[in-house]
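The structure appears right after this line, and notes come after that.
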Amino acid sequence: MLARTSDPIVAIATAPGRGAVGIVRVSGRQLGPLVQALCARPLKPREATYLPFLDGGGEPVDHGLALYFPAPHSFTGEDVLELQAHGGAVVLQLLVARCLEAAAEVDGATGRARLPGLRVAEPGEFSQRAFLNGKIDLAQAEAIADLIDASTEAAARSAGRSLSGAFSREIHTLRDALIHLRMLVEATLDFPEEEIDFLQKADAVGQLVALQAQVAGVQQRARQGALLREGIKVVIAGQPNAGKSSLLNALAGAELAIVSAVAGTTRDVVSQTIQIQGVPLHVADTAGLRESTDEVEQIGVARAWGQIEGADAVLFLHDLTRADVADYAAADAEILRLLREKLPAGVPVLDVWNKQDAAPAQAARDGIALSARTGEGIETLRQELLRLAGWQAVPEGLYLARARHVHALAQVAGHLAGAAGHLAARAQSLDLMAEELRLAQNALNEITGEFGADDLLGVIFSRFCIGK
Ligand SMILES: Nc1nc2c(c(=O)[nH]1)N(C=O)[C@@H](CNc1ccc(C(=O)N[C@@H](CCC(=O)O)C(=O)O)cc1)CN2
Ligand SMILES: Nc1nc2c(ncn2[C@@H]2O[C@H](COP(=O)(O)OP(=O)(O)OP(=O)(O)O)[C@@H](O)[C@H]2O)c(=O)[nH]1
Ligand SMILES: [Mg+2]
C-alpha cells in the first residue's frame, strides 16, 4: 500500500555508496521554516546557494549547494528543497536525520513544529507526487523508472522518448479520435430517426477503420518497445556434449560455463544476458538431456526441463559429427517429442547443428549450422534470434513500453473490433457499439493513468528505487 500522500517526505536522491555529490531531497507543502533551520536564511527560488547545512547546535554538517523550488514549479509540484552535499553514505544519512529533527523542532515564530509529519519517503513517492499533481502522467512516471533501469543504449533512448511524453501524445491522439467517434454514435442514439444518414454522412465506418489502423501501429511499436525493455528468454537444450556450454560462451564472448569432453559436465543452469542490437536476450545453458543414474545429473536434467518450460525460444543443439549415428538421431527425436509436449504452443524450437568445423560435408539440414569453437555461423544465429524475438528494427519512434501497455492496447483493439461488428449490424446494436467504444477508451486511459484503480498505482510506484 502506498503511504499517505499529504505528508512531507525526505530521502537521499542519489545512488548509495560514495560519490562526488549526493543529494537529499525534501518535498512538502510549506518548507520555509525548515529551510530557515537548515540554511539560516531564506533561499531565492530556483537558484543554487553555497552555504553550510546546520545541525541543531548551529554547527555545519556539511557545506553544499541548497536549491529551493517553491510549489508548483518543482519536480513534484510541491515545495521542494534540495541539499546537494558531498556524496558519502554517512554524511547523507546525517542530513536526512537533521531534516527529520529540524522538522520536529518548534519554530519560535509560530510556536508549532517547523514541518509536522516529515517522514522518509517510500520508493517512488517523489515520482508518485509528480503524477498526482499532474506534472507527469503514468506512462511518463514509468518511463522514469525504465530510464534508470535501462541496461542498453537503445532502451535508454526509447525510455527518454516516453519520458518526454511522445508515447502519451500518441495515446492522446488515439483517445481524441475515439471520443470523436463516440460523440457521433451517442448523438445518433439520441436522435434515432436520423440515424443512418448521420453515421453515413460522417463516414463512421471510415473513421473506425482508420482508428483501428492507428491502434495497430502503436501496438506494433509498443510491442517492440516492450521487447527492448524485457527481452526474451532463450534456452539452449540438447544431448550431453552437443556443445551447449560452448555455444553460451561463444554468444557471450566469455568463458562462463565449464566446457569439457566429458558428457554430463553441466548440472547447474548457467544464465547470461547478452545484447543483440540492443535487445536483451537472457540465455540459459542447461544440463545435457539424457537418462542418468547419477543423482546430481538427474537434478540437473530436471532443472533443464524447468528452464525449457519457461522459455520464449529454445535452441535445440545437435552434434553434427554424430547426427547420422542412428542412436544419436533417435535420442534427438525423443527429445524433440518431449519438447513439443512440454512447450506451450507458439514457442519456437530452432535446430542448431554444432561442430560444423569437424563434420564432413553434409546435405543441407533445416536450421542453422555453426561451430561454437571457430565462431563460424554464430552471426547468422544472432540474426535468427532477433527474428525469433520478433524484433523488426523500427529505427525511429520506439517507446519503452511495458507489458501493461501492450496488454491495454490489445484490449483497445479488441473493443474496436467489437464496435466494428456492431456497426456492421447497424440499428439493432448501436448501443452495444457505444459501449464497446467506451470500454476502448477506458483501456486507453489506463495507459496514461487518467483512469485507473489505486492498486494499479501502488504496483507501479512501489517498484521505484528509494528517493525517486
Ligand atoms: N538536482 C536534480 N536533478 C534532477 C532532478 C531533481 O529532482 N533534482 N530530477 C528529478 O527527477 C530530474 C529532473 N526533473 C525535473 C522536472 C521538473 C522540474 C521543475 O522544476 N519543474 C518546474 C519548472 C519547469 C520549467 O522551468 O520549465 C515545473 O514543472 O513547473 C525539475 C526537475 C533529473 N535531474
Ligand atoms: N570440433 C568442435 N568441438 C566442439 C565444438 N563445440 C564444442 N565442442 C567440444 O565438444 C565437447 C563438449 O562441449 P560442451 O560445450 O561442454 O558440451 P555441452 O553440450 O555443454 O555438454 P554437457 O554440459 O555435458 O551437456 C568439448 O570437448 C568441446 O570442446 C565445435 O564447434 N567444434
Ligand atoms: Mg555443458
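Quick note on naming: the chains in the C-alpha cells go A, B, ... in the order shown, residues restart at 1 in each chain, and ligands are numbered from 1 in order of appearance.
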
Can you pull out every residue with an atom within 10 Å of ligand 2? Use only C-alpha atoms and all ligand atoms and format it as a ChimeraX atom specification. /A:236-250,257-269,285-290,297,300-301,317-321,353-359,369-377

Near Asn445 of chain A, counting only C-alpha atoms, which residues have an atom at most 10 Å away, once you skip same-chain residues fewer than 5 positions from it, shown as a ChimeraX atom specification? /A:138,171-172,175,408,439-440,450-452

When you look at segment 10-13 of chain A with a cut-off of 8 Å (counting only C-alpha atoms), what residues show up, excluding the ones that are within fewer than 2 positions of it in the same chain? I need them as a list of chain:residue names.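 Residues meeting the cut-off are A:Pro8, A:Ala15, A:Gly22, A:Ile23, A:Val24, A:Arg25, A:Val26, A:Ser27, A:Leu92, A:Gln93, A:Val96, A:Cys99, A:Leu118, A:Arg119, A:Val120, A:Ala121, A:Ile466, A:Gly467, A:Lys468.
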
Store the residues picked out above, limited to N, CA and C atoms, as a PDB file, in the first residue's frame.
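What ended up in selection_36.pdb:
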```
ATOM      1  N   PRO A   8       4.766  15.560   4.345  1.00  0.00           N
ATOM      2  CA  PRO A   8       6.047  15.930   3.729  1.00  0.00           C
ATOM      3  C   PRO A   8       7.011  14.734   3.780  1.00  0.00           C
ATOM      4  N   ALA A  15      22.455   7.648  -5.729  1.00  0.00           N
ATOM      5  CA  ALA A  15      22.708   6.228  -5.527  1.00  0.00           C
ATOM      6  C   ALA A  15      23.482   5.997  -4.238  1.00  0.00           C
ATOM      7  N   GLY A  22      26.165  14.159  -3.383  1.00  0.00           N
ATOM      8  CA  GLY A  22      24.982  13.384  -3.011  1.00  0.00           C
ATOM      9  C   GLY A  22      23.862  14.354  -2.680  1.00  0.00           C
ATOM     10  N   ILE A  23      22.653  13.970  -3.015  1.00  0.00           N
ATOM     11  CA  ILE A  23      21.531  14.901  -2.860  1.00  0.00           C
ATOM     12  C   ILE A  23      20.497  14.356  -1.881  1.00  0.00           C
ATOM     13  N   VAL A  24      20.095  15.205  -0.946  1.00  0.00           N
ATOM     14  CA  VAL A  24      18.958  14.912  -0.081  1.00  0.00           C
ATOM     15  C   VAL A  24      17.816  15.812  -0.531  1.00  0.00           C
ATOM     16  N   ARG A  25      16.658  15.222  -0.722  1.00  0.00           N
ATOM     17  CA  ARG A  25      15.549  15.974  -1.302  1.00  0.00           C
ATOM     18  C   ARG A  25      14.358  15.930  -0.353  1.00  0.00           C
ATOM     19  N   VAL A  26      13.718  17.075  -0.171  1.00  0.00           N
ATOM     20  CA  VAL A  26      12.525  17.168   0.677  1.00  0.00           C
ATOM     21  C   VAL A  26      11.389  17.699  -0.182  1.00  0.00           C
ATOM     22  N   SER A  27      10.198  17.117  -0.044  1.00  0.00           N
ATOM     23  CA  SER A  27       9.029  17.639  -0.753  1.00  0.00           C
ATOM     24  C   SER A  27       7.882  17.763   0.228  1.00  0.00           C
ATOM     25  N   LEU A  92      25.173  11.849   4.190  1.00  0.00           N
ATOM     26  CA  LEU A  92      23.805  11.979   3.669  1.00  0.00           C
ATOM     27  C   LEU A  92      22.782  11.476   4.688  1.00  0.00           C
ATOM     28  N   GLN A  93      23.134  10.391   5.397  1.00  0.00           N
ATOM     29  CA  GLN A  93      22.250   9.907   6.475  1.00  0.00           C
ATOM     30  C   GLN A  93      22.099  10.972   7.549  1.00  0.00           C
ATOM     31  N   VAL A  96      19.695  13.604   6.383  1.00  0.00           N
ATOM     32  CA  VAL A  96      18.295  13.160   6.475  1.00  0.00           C
ATOM     33  C   VAL A  96      17.834  13.249   7.929  1.00  0.00           C
ATOM     34  N   CYS A  99      17.201  16.746   8.895  1.00  0.00           N
ATOM     35  CA  CYS A  99      15.929  17.239   8.344  1.00  0.00           C
ATOM     36  C   CYS A  99      14.765  16.796   9.234  1.00  0.00           C
ATOM     37  N   LEU A 118       6.979  15.218   8.856  1.00  0.00           N
ATOM     38  CA  LEU A 118       8.009  14.843   7.878  1.00  0.00           C
ATOM     39  C   LEU A 118       8.456  13.403   8.137  1.00  0.00           C
ATOM     40  N   ARG A 119       8.505  12.620   7.080  1.00  0.00           N
ATOM     41  CA  ARG A 119       8.941  11.225   7.203  1.00  0.00           C
ATOM     42  C   ARG A 119       9.779  10.859   5.979  1.00  0.00           C
ATOM     43  N   VAL A 120      10.491   9.730   6.101  1.00  0.00           N
ATOM     44  CA  VAL A 120      11.305   9.242   4.990  1.00  0.00           C
ATOM     45  C   VAL A 120      10.375   8.700   3.902  1.00  0.00           C
ATOM     46  N   ALA A 121      10.697   9.019   2.662  1.00  0.00           N
ATOM     47  CA  ALA A 121       9.819   8.647   1.540  1.00  0.00           C
ATOM     48  C   ALA A 121       9.861   7.162   1.256  1.00  0.00           C
ATOM     49  N   ILE A 466      14.269   3.902  -3.905  1.00  0.00           N
ATOM     50  CA  ILE A 466      14.022   4.883  -2.857  1.00  0.00           C
ATOM     51  C   ILE A 466      14.597   6.235  -3.281  1.00  0.00           C
ATOM     52  N   GLY A 467      13.898   7.300  -2.951  1.00  0.00           N
ATOM     53  CA  GLY A 467      14.388   8.638  -3.267  1.00  0.00           C
ATOM     54  C   GLY A 467      14.034   9.094  -4.653  1.00  0.00           C
ATOM     55  N   LYS A 468      13.296   8.252  -5.393  1.00  0.00           N
ATOM     56  CA  LYS A 468      12.964   8.645  -6.769  1.00  0.00           C
ATOM     57  C   LYS A 468      11.587   9.233  -6.803  1.00  0.00           C
TER      58      LYS A 468
END
```

Show me which residues line ligand 1, defined as having an atom within 9 Å of a ligand atom where only C-alpha atoms and all ligand atoms count, and present them as a list in words.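 So, counting only C-alpha atoms and all ligand atoms, the residues near ligand 1 are Ala13, Ile23, Arg25, Arg46, Leu67, Phe69, Pro70, Ala71, Pro72, His73, Ser74, Phe75, Thr76, Gly77, Val80, Glu82, Leu83, Gln84, Phe126, Ser127, Ala130, Lys135, Ile136, Ile144 and Lys468 of chain A.
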
Atom CA of Asp146 of chain A and atom CA of Phe461 of chain A are how many Å apart?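 Atom CA of Phe461 of chain A lies at a distance of 11.8 Å from atom CA of Asp146 of chain A.
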
Just checking: using only C-alpha atoms, which residue out of A:Arg98, A:Arg4, A:Arg112, A:His415 ends up closest to Gly57 of chain A? A:Arg98

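Across the structure, atom CA of Leu65 of chain A and atom CA of Pro33 of chain A are spaced 17.9 Å apart.
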
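Nearest residue to ligand 3 among A:Ser271, A:Gln140, A:Ser168, A:Gln214 is A:Ser271, counting only C-alpha atoms and all ligand atoms.
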